[in-house]
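Asks: As input, take run.txt (compact mmCIF, C-alpha atoms and all ligand atoms):
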```txt
# COMPACT_ATOMS: atom_id res chain seq x y z
CA MET A 1 76.58 79.32 -52.01
CA LYS A 2 79.61 77.51 -53.38
CA LYS A 3 78.26 74.23 -52.10
CA LYS A 4 74.93 74.93 -53.78
CA TYR A 5 76.58 75.59 -57.17
CA ALA A 6 78.67 72.46 -56.84
CA ALA A 7 75.54 70.42 -56.15
CA MET A 8 73.77 72.04 -59.12
CA LEU A 9 76.72 71.32 -61.38
CA LEU A 10 76.76 67.71 -60.25
CA LEU A 11 73.02 67.41 -60.93
CA PHE A 12 73.46 69.03 -64.35
CA CYS A 13 76.22 66.56 -65.18
CA PHE A 14 73.97 63.60 -64.33
CA LEU A 15 71.05 64.97 -66.29
CA SER A 16 73.02 66.24 -69.29
CA PRO A 17 72.82 63.95 -72.33
CA ALA A 18 76.51 64.63 -72.95
CA PHE A 19 77.30 62.71 -69.79
CA ALA A 20 74.92 59.89 -70.49
CA GLN A 21 76.55 56.84 -72.06
CA THR A 22 76.02 57.05 -75.79
CA PRO A 23 74.75 53.72 -77.11
CA VAL A 24 76.80 52.25 -79.93
CA ALA A 25 74.97 52.38 -83.29
CA ILE A 26 74.03 48.87 -84.41
CA GLU A 27 76.07 49.09 -87.64
CA ASP A 28 79.17 50.03 -85.61
CA GLU A 29 78.57 47.18 -83.19
CA LEU A 30 78.22 44.71 -86.08
CA TYR A 31 81.31 46.05 -87.85
CA GLY A 32 83.24 45.66 -84.59
CA TYR A 33 82.42 41.94 -84.58
CA VAL A 34 83.76 41.61 -88.15
CA LEU A 35 87.02 43.29 -87.09
CA GLY A 36 87.29 40.84 -84.21
CA ILE A 37 86.67 37.67 -86.17
CA GLU A 38 88.52 38.25 -89.44
CA GLY A 39 91.65 36.19 -90.08
CA GLY A 40 92.94 33.31 -88.03
CA SER A 41 92.06 29.68 -87.62
CA SER A 42 88.63 28.23 -86.98
CA GLN A 43 89.70 27.77 -83.36
CA ARG A 44 90.58 31.45 -82.93
CA ARG A 45 87.38 32.52 -84.68
CA GLY A 46 85.39 30.22 -82.42
CA ASP A 47 87.18 31.59 -79.35
CA PHE A 48 86.26 35.12 -80.43
CA ILE A 49 82.57 34.14 -80.64
CA LYS A 50 82.67 32.50 -77.20
CA ASP A 51 84.38 35.55 -75.70
CA GLN A 52 81.67 37.82 -77.10
CA LEU A 53 78.92 35.54 -75.77
CA LYS A 54 80.53 35.55 -72.33
CA GLN A 55 80.76 39.35 -72.36
CA MET A 56 77.07 39.54 -73.26
CA GLY A 57 76.23 37.06 -70.54
CA ALA A 58 74.69 34.70 -73.11
CA GLY A 59 74.96 30.99 -72.30
CA TYR A 60 76.15 28.63 -75.03
CA VAL A 61 77.13 25.05 -75.62
CA ALA A 62 80.12 24.10 -77.73
CA VAL A 63 79.55 20.79 -79.51
CA PRO A 64 82.67 19.16 -80.97
CA PHE A 65 82.27 16.75 -83.86
CA SER A 66 84.39 14.53 -86.04
CA SER A 67 83.29 13.25 -89.39
CA PRO A 68 84.97 11.01 -91.96
CA SER A 69 85.50 12.60 -95.34
CA THR A 70 86.26 10.35 -98.27
CA GLY A 71 88.50 11.79 -100.96
CA LYS A 72 89.79 10.23 -104.18
CA ASN A 73 92.56 8.23 -102.54
CA ASP A 74 91.89 8.15 -98.85
CA THR A 75 89.54 8.92 -96.00
CA THR A 76 90.35 11.67 -93.53
CA ILE A 77 88.65 12.64 -90.32
CA ILE A 78 87.45 16.24 -90.21
CA THR A 79 86.98 17.71 -86.76
CA GLY A 80 85.22 20.89 -85.75
CA GLU A 81 82.94 22.52 -83.21
CA ASN A 82 79.48 24.05 -83.46
CA ILE A 83 78.57 26.77 -80.97
CA ILE A 84 74.90 26.89 -80.00
CA VAL A 85 72.90 29.55 -78.14
CA ARG A 86 69.27 29.03 -77.19
CA PHE A 87 66.55 31.31 -75.87
CA GLY A 88 62.80 30.98 -75.52
CA HIS A 89 61.11 27.78 -74.35
CA GLY A 90 58.43 27.00 -76.92
CA GLU A 91 57.82 23.60 -78.43
CA LYS A 92 58.48 24.88 -81.95
CA LYS A 93 61.95 25.87 -82.94
CA ILE A 94 63.30 28.61 -85.21
CA ILE A 95 66.95 28.15 -86.11
CA ILE A 96 69.30 30.88 -87.23
CA GLY A 97 72.65 29.75 -88.57
CA ALA A 98 75.89 31.30 -89.76
CA HIS A 99 79.11 29.44 -90.44
CA TYR A 100 82.21 30.83 -88.77
CA ASP A 101 84.96 28.94 -90.55
CA ALA A 102 86.75 30.48 -93.52
CA THR A 103 88.63 29.02 -96.47
CA GLU A 104 92.36 28.59 -96.00
CA GLY A 105 94.32 31.74 -96.82
CA SER A 106 91.27 34.01 -96.65
CA PRO A 107 90.57 36.33 -93.70
CA GLY A 108 86.88 35.50 -94.21
CA ALA A 109 85.54 38.93 -93.33
CA ASN A 110 82.54 38.75 -95.65
CA ASP A 111 82.46 34.95 -95.91
CA ASN A 112 81.37 34.61 -93.23
CA GLY A 113 82.52 37.02 -90.54
CA SER A 114 79.64 39.21 -91.71
CA GLY A 115 77.01 36.52 -91.02
CA VAL A 116 78.55 35.82 -87.60
CA ALA A 117 78.47 39.56 -86.83
CA VAL A 118 74.75 39.83 -87.62
CA VAL A 119 73.97 36.77 -85.53
CA LEU A 120 76.00 38.09 -82.56
CA GLY A 121 74.03 41.34 -82.83
CA LEU A 122 70.74 39.41 -82.81
CA ILE A 123 71.78 37.51 -79.69
CA ASN A 124 72.93 40.66 -77.94
CA HIS A 125 69.72 42.58 -78.55
CA LEU A 126 66.99 39.97 -78.80
CA ARG A 127 67.67 37.25 -76.29
CA SER A 128 65.77 39.04 -73.51
CA GLU A 129 62.59 39.46 -75.59
CA GLU A 130 59.50 37.37 -74.89
CA TRP A 131 59.67 34.43 -77.29
CA LYS A 132 56.79 32.13 -77.97
CA HIS A 133 59.03 29.66 -79.77
CA THR A 134 62.48 28.35 -79.03
CA ILE A 135 65.12 30.34 -80.90
CA GLU A 136 68.27 28.34 -81.51
CA ILE A 137 71.25 30.18 -82.89
CA CYS A 138 74.04 28.13 -84.40
CA PHE A 139 77.54 29.12 -85.35
CA PHE A 140 78.47 26.27 -87.68
CA ASP A 141 81.99 25.03 -88.29
CA LYS A 142 83.41 23.44 -91.47
CA GLU A 143 80.84 24.78 -93.91
CA GLU A 144 83.64 25.38 -96.39
CA GLN A 145 84.48 21.66 -96.36
CA GLY A 146 81.00 20.50 -97.33
CA CYS A 147 78.59 21.89 -94.72
CA ILE A 148 79.82 19.32 -92.22
CA GLY A 149 78.98 21.23 -89.01
CA SER A 150 75.39 21.89 -90.03
CA ALA A 151 74.93 18.29 -91.21
CA GLN A 152 76.11 17.06 -87.80
CA TYR A 153 73.76 19.49 -86.07
CA VAL A 154 70.72 18.44 -88.12
CA GLN A 155 71.33 14.77 -87.42
CA LYS A 156 71.61 15.33 -83.67
CA TYR A 157 69.34 18.23 -82.83
CA VAL A 158 66.55 18.72 -85.35
CA LEU A 159 63.18 17.07 -84.92
CA PRO A 160 60.97 17.60 -87.97
CA LYS A 161 57.79 17.96 -85.89
CA SER A 162 59.19 20.86 -83.85
CA HIS A 163 61.00 22.54 -86.74
CA LEU A 164 59.44 25.82 -87.83
CA ALA A 165 62.12 27.33 -90.04
CA MET A 166 65.86 27.75 -90.49
CA ILE A 167 67.33 31.10 -91.50
CA ASN A 168 70.85 30.88 -92.90
CA LEU A 169 73.05 33.99 -93.05
CA ASP A 170 76.05 33.72 -95.35
CA VAL A 171 77.80 36.81 -96.80
CA GLU A 172 76.09 39.95 -95.48
CA GLY A 173 78.81 42.56 -95.77
CA THR A 174 78.67 44.44 -99.08
CA GLY A 175 76.04 46.10 -101.23
CA ASP A 176 72.47 47.24 -100.83
CA GLU A 177 70.31 44.41 -102.13
CA LEU A 178 69.03 41.34 -100.30
CA TYR A 179 69.49 38.06 -102.11
CA ILE A 180 66.98 35.56 -100.78
CA GLY A 181 66.89 31.92 -101.81
CA PRO A 182 66.40 29.19 -102.59
CA VAL A 183 62.71 30.02 -102.85
CA ASP A 184 60.21 27.41 -103.94
CA PHE A 185 57.74 29.66 -105.73
CA LYS A 186 55.35 26.83 -106.61
CA THR A 187 54.83 24.99 -103.36
CA ASP A 188 55.80 27.28 -100.51
CA GLN A 189 52.52 28.75 -99.29
CA VAL A 190 53.55 29.19 -95.68
CA PHE A 191 57.06 30.56 -95.33
CA LEU A 192 57.19 32.62 -98.52
CA PRO A 193 54.32 34.98 -97.54
CA ILE A 194 56.16 35.66 -94.26
CA VAL A 195 59.33 36.51 -96.19
CA HIS A 196 57.24 38.85 -98.37
CA GLU A 197 55.80 40.50 -95.29
CA ALA A 198 59.33 41.09 -93.93
CA GLU A 199 60.31 42.61 -97.29
CA GLN A 200 57.28 44.88 -97.15
CA GLN A 201 57.86 45.95 -93.54
CA THR A 202 61.53 46.78 -94.07
CA GLY A 203 61.17 48.15 -97.60
CA PHE A 204 64.63 46.87 -98.51
CA PRO A 205 65.37 46.15 -102.18
CA SER A 206 65.46 42.40 -102.56
CA VAL A 207 65.52 39.63 -105.10
CA GLU A 208 64.16 36.16 -104.49
CA ARG A 209 65.54 33.33 -106.55
CA SER A 210 65.02 29.58 -106.73
CA VAL A 211 68.79 29.03 -106.51
CA TYR A 212 71.36 29.94 -103.84
CA PRO A 213 75.09 29.13 -103.60
CA GLU A 214 76.15 26.07 -101.62
CA SER A 215 75.78 26.77 -97.92
CA ASP A 216 74.49 25.30 -94.65
CA TYR A 217 70.83 25.44 -95.72
CA LEU A 218 71.57 22.30 -97.77
CA SER A 219 71.87 20.23 -94.58
CA PHE A 220 68.26 21.22 -93.78
CA ALA A 221 66.96 20.98 -97.34
CA ARG A 222 68.19 17.38 -97.50
CA TYR A 223 65.53 16.48 -94.93
CA HIS A 224 62.90 18.81 -96.40
CA LEU A 225 63.15 21.11 -93.39
CA THR A 226 61.85 24.62 -94.15
CA ASN A 227 64.76 26.98 -94.71
CA ILE A 228 65.77 30.24 -96.31
CA SER A 229 69.15 31.87 -96.91
CA ILE A 230 69.82 35.59 -96.91
CA SER A 231 72.79 37.53 -98.28
CA VAL A 232 73.42 41.22 -98.88
CA VAL A 233 75.02 41.81 -102.28
CA PRO A 234 75.88 44.71 -104.61
CA LYS A 235 73.06 45.86 -106.88
CA GLY A 236 72.61 43.62 -109.91
CA ASP A 237 74.35 40.68 -108.25
CA GLY A 238 71.02 39.01 -107.59
CA ASP A 239 70.59 38.47 -111.30
CA ARG A 240 74.25 37.71 -111.92
CA LEU A 241 74.28 35.10 -109.14
CA SER A 242 71.11 33.36 -110.17
CA ARG A 243 72.20 33.29 -113.84
CA MET A 244 75.54 31.83 -112.83
CA LEU A 245 73.98 29.19 -110.58
CA SER A 246 71.34 28.25 -113.15
CA SER A 247 74.00 27.75 -115.81
CA GLY A 248 76.06 25.35 -113.72
CA GLY A 249 78.26 27.86 -111.90
CA LYS A 250 80.46 29.00 -114.78
CA PRO A 251 79.93 32.68 -115.60
CA ASP A 252 81.80 34.52 -118.33
CA SER A 253 84.02 37.18 -116.81
CA SER A 254 81.64 40.05 -117.61
CA ALA A 255 78.83 38.37 -115.68
CA LEU A 256 80.82 37.41 -112.60
CA PRO A 257 78.85 38.45 -109.51
CA HIS A 258 80.78 41.29 -107.85
CA VAL A 259 80.34 39.71 -104.43
CA LEU A 260 82.41 36.70 -105.52
CA ILE A 261 85.49 38.67 -106.61
CA ALA A 262 87.14 38.82 -103.17
CA MET A 263 85.49 35.73 -101.72
CA HIS A 264 87.78 32.83 -100.77
CA THR A 265 90.82 35.04 -101.48
CA PRO A 266 93.26 36.98 -99.25
CA TYR A 267 91.26 40.10 -100.17
CA ASP A 268 88.15 39.16 -98.22
CA ARG A 269 89.01 41.75 -95.56
CA SER A 270 87.06 44.02 -93.25
CA SER A 271 88.20 47.05 -95.27
CA LEU A 272 85.68 45.98 -97.94
CA ILE A 273 82.82 45.53 -95.47
CA GLU A 274 80.07 48.16 -95.41
CA PRO A 275 78.45 48.62 -91.98
CA LYS A 276 75.15 49.62 -93.62
CA ALA A 277 74.98 46.25 -95.40
CA LEU A 278 75.38 44.48 -92.04
CA LYS A 279 72.63 46.64 -90.59
CA MET A 280 70.33 45.77 -93.49
CA SER A 281 70.80 42.05 -92.87
CA TYR A 282 70.29 42.55 -89.13
CA GLU A 283 67.06 44.54 -89.55
CA PHE A 284 65.63 42.13 -92.10
CA THR A 285 66.46 39.00 -90.10
CA LYS A 286 65.08 40.57 -86.93
CA THR A 287 61.82 41.44 -88.72
CA LEU A 288 61.56 37.93 -90.16
CA LEU A 289 62.23 36.41 -86.75
CA PHE A 290 59.49 38.44 -85.06
CA LEU A 291 57.03 37.57 -87.83
CA LEU A 292 57.85 33.87 -87.55
CA ASN A 293 57.55 34.04 -83.78
CA SER A 294 54.06 35.50 -84.07
CA ARG A 295 52.89 32.41 -86.03
CA ARG A 296 51.68 29.20 -84.47
ZN ZN A 301 80.09 31.15 -96.73
```
If you took the structure in this file and wrote it as structure tokens, what would it be?
Ligand SMILES: [Zn+2]
Replies:
Amino acid sequence: MKKKYAAMLLLFCFLSPAFAQTPVAIEDELYGYVLGIEGGSSQRRGDFIKDQLKQMGAGYVAVPFSSPSTGKNDTTIITGENIIVRFGHGEKKIIIGAHYDATEGSPGANDNGSGVAVVLGLINHLRSEEWKHTIEICFFDKEEQGCIGSAQYVQKYVLPKSHLAMINLDVEGTGDELYIGPVDFKTDQVFLPIVHEAEQQTGFPSVERSVYPESDYLSFARYHLTNISISVVPKGDGDRLSRMLSSGGKPDSSALPHVLIAMHTPYDRSSLIEPKALKMSYEFTKTLLFLLNSRR
């Protein structure tokens, strides 16, 4: 009898949900990435990304670059490294980008540890899906010094005829409103309806604006390559940001977008990051990616 009870107990243990491994909620997973990447040099941040990719079993290539930068008095060489992950084999390519460097003296949790976190989550959960198109995910370096990493990438890796769209994630960690831009309301008849569909499917509050702060999308826009940038910001910041950008970037103190207060300062820490904001960016980008993938 004792043996029978022991066997029953063992069976119960295997079948009981309490003994099953509880999956980590996506917002906790994403927040964990922010904790891992915040602070440190570009090199350490890059190493963290590579470690995560190795743990996931996701292949990557690290592409070092050096680029001359001409200042007032002299020319310096800026070096860096883009980290690229690819899945899917289609002729057309969808690019998702997030810069991983931070400004000196800032832990860079929101700018842009948050974007990196969302992108790591997308790789972890989506790379085994069936993709009609090639999905190329880029962790760009040296965005804060003039979008150098993304410019290098575009020159070497982007062919206009295979380019479908680039989605840029920069600052995803606070608030409850999506800021989407720069949107060309007059001429964009192809990409914009897909963005609208993603907004409808997710039901997230969002604002679309024709302006967006300087970020890696500019390297694509320079060559008229379809692109969109997504941020998650505190409510009302959509208007504050677009007003600030439309008036040449100088807001009066009462109109300063809340999201900018800690940015590029020592206060851009993970303690200010809201896991639900990361989840919002993840869900929206995932929806947009699936919609884009379903197009020809
Ligand atoms: Zn940034």
Asks: Let me make sure I understand: among A:Val259, A:Leu289, A:Ala221, A:Ile26, which one has the smallest atom-to-atom distance to ligand ZN 301 (chain A) if we use all atoms listed in the file?
Replies: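 Answer, going by the shortest atom-to-atom distance: A:Val259.
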Asks: Residues within 9 Å of ligand ZN 301 (chain A) should be enumerated using all atoms listed in the file and returned as number ranges by chain.
Replies: A: 98-103, 108, 110-113, 115, 143-144, 169-171, 213-216, 263-264
Asks: Looking at all atoms listed in the file, which of A:Val24, A:Gln201, A:Ile180, A:Glu81 is the one that sits closest to Lys50 (chain A)?
Replies: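 Once distances to Lys50 (chain A) are computed over all atoms listed in the file, the minimum belongs to A:Glu81.
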Asks: Pull the neighbourhood of (77.1, 24.3, -87.9) for me: all residues within 12 Å in file coordinates, counting all atoms listed in the file, as JSON, numbers by chain.
Replies: {"A": [46, 62, 63, 64, 65, 79, 80, 81, 82, 83, 84, 85, 95, 96, 97, 98, 99, 100, 101, 116, 136, 137, 138, 139, 140, 141, 142, 143, 144, 145, 146, 147, 148, 149, 150, 151, 152, 153, 154, 155, 156, 157, 168, 169, 215, 216, 217, 218, 219, 220]}
Asks: For a quick check of understanding, using all atoms listed in the file, which of A:Val119, A:Met166, A:Leu126, A:Val195 has the smallest distance to Gln52 (chain A)?
Replies: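 Smallest separation from Gln52 (chain A) among the options: A:Val119.
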Asks: Measuring atom to atom with all atoms listed in the file, identify which of A:Tyr212, A:Tyr223, A:Tyr282, A:Phe204 is nearest to His125 (chain A).
Replies: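 Closest candidate: A:Tyr282.
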Asks: Rounded to one decimal in Å, what is the spacing between CA of Ser106 (chain A) and CA of Ser41 (chain A)?
Replies: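 Here the two named atoms are 10.0 Å from each other.
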Asks: Can you measure CA of Val34 (chain A) to CA of Leu178 (chain A) for me? One decimal in Å is fine.
Replies: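 One can read the CA of Val34 (chain A) to CA of Leu178 (chain A) distance as 19.1 Å.
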Asks: Any idea what the distance is between CA of Phe48 (chain A) and CA of Ser270 (chain A)?
Replies: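 The value is 15.6 Å.
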Asks: How would region 200-227 of chain A read, as a compact mmCIF listing (two decimals), in the coordinates of the input, once N, CA and C atoms are built in?
Replies:
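Below is the file rebuild_21.txt, written as the result:
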```txt
# COMPACT_ATOMS: atom_id res chain seq x y z
N GLN A 200 58.17 43.72 -97.14
CA GLN A 200 57.28 44.88 -97.15
C GLN A 200 57.54 45.79 -95.94
N GLN A 201 57.65 45.17 -94.77
CA GLN A 201 57.86 45.95 -93.54
C GLN A 201 59.17 46.73 -93.56
N THR A 202 60.23 46.10 -94.08
CA THR A 202 61.53 46.78 -94.07
C THR A 202 61.71 47.69 -95.28
N GLY A 203 61.05 47.35 -96.38
CA GLY A 203 61.17 48.15 -97.60
C GLY A 203 62.53 48.04 -98.27
N PHE A 204 63.30 47.02 -97.90
CA PHE A 204 64.63 46.87 -98.51
C PHE A 204 64.51 46.30 -99.91
N PRO A 205 65.36 46.77 -100.85
CA PRO A 205 65.37 46.15 -102.18
C PRO A 205 65.81 44.70 -102.05
N SER A 206 65.09 43.81 -102.70
CA SER A 206 65.46 42.40 -102.56
C SER A 206 65.13 41.63 -103.82
N VAL A 207 65.86 40.57 -104.04
CA VAL A 207 65.52 39.63 -105.10
C VAL A 207 65.37 38.25 -104.49
N GLU A 208 64.35 37.55 -104.93
CA GLU A 208 64.16 36.16 -104.49
C GLU A 208 64.45 35.28 -105.69
N ARG A 209 65.20 34.23 -105.45
CA ARG A 209 65.54 33.33 -106.55
C ARG A 209 65.41 31.88 -106.09
N SER A 210 65.19 30.99 -107.06
CA SER A 210 65.02 29.58 -106.73
C SER A 210 66.37 28.89 -106.50
N VAL A 211 67.45 29.62 -106.72
CA VAL A 211 68.79 29.03 -106.51
C VAL A 211 69.58 29.90 -105.53
N TYR A 212 70.50 29.24 -104.80
CA TYR A 212 71.36 29.94 -103.84
C TYR A 212 72.67 29.16 -103.80
N PRO A 213 73.81 29.86 -103.64
CA PRO A 213 75.09 29.13 -103.60
C PRO A 213 75.13 28.10 -102.48
N GLU A 214 76.01 27.12 -102.63
CA GLU A 214 76.15 26.07 -101.62
C GLU A 214 76.40 26.68 -100.24
N SER A 215 75.62 26.26 -99.28
CA SER A 215 75.78 26.77 -97.92
C SER A 215 75.02 25.84 -96.96
N ASP A 216 75.03 26.20 -95.68
CA ASP A 216 74.49 25.30 -94.65
C ASP A 216 73.00 24.98 -94.79
N TYR A 217 72.26 25.75 -95.55
CA TYR A 217 70.83 25.44 -95.72
C TYR A 217 70.64 24.05 -96.33
N LEU A 218 71.67 23.60 -97.09
CA LEU A 218 71.57 22.30 -97.77
C LEU A 218 71.38 21.16 -96.78
N SER A 219 71.99 21.29 -95.60
CA SER A 219 71.87 20.23 -94.58
C SER A 219 70.41 20.11 -94.11
N PHE A 220 69.68 21.21 -94.18
CA PHE A 220 68.26 21.22 -93.78
C PHE A 220 67.38 20.80 -94.96
N ALA A 221 67.75 21.30 -96.14
CA ALA A 221 66.96 20.98 -97.34
C ALA A 221 66.97 19.48 -97.61
N ARG A 222 68.07 18.83 -97.28
CA ARG A 222 68.19 17.38 -97.50
C ARG A 222 67.07 16.62 -96.81
N TYR A 223 66.62 17.14 -95.67
CA TYR A 223 65.53 16.48 -94.93
C TYR A 223 64.20 17.22 -95.08
N HIS A 224 64.13 18.03 -96.11
CA HIS A 224 62.90 18.81 -96.40
C HIS A 224 62.47 19.67 -95.22
N LEU A 225 63.45 20.22 -94.50
CA LEU A 225 63.15 21.11 -93.39
C LEU A 225 63.11 22.54 -93.93
N THR A 226 62.04 23.26 -93.63
CA THR A 226 61.85 24.62 -94.15
C THR A 226 63.08 25.48 -93.86
N ASN A 227 63.57 26.14 -94.90
CA ASN A 227 64.76 26.98 -94.71
C ASN A 227 64.79 28.11 -95.73
```
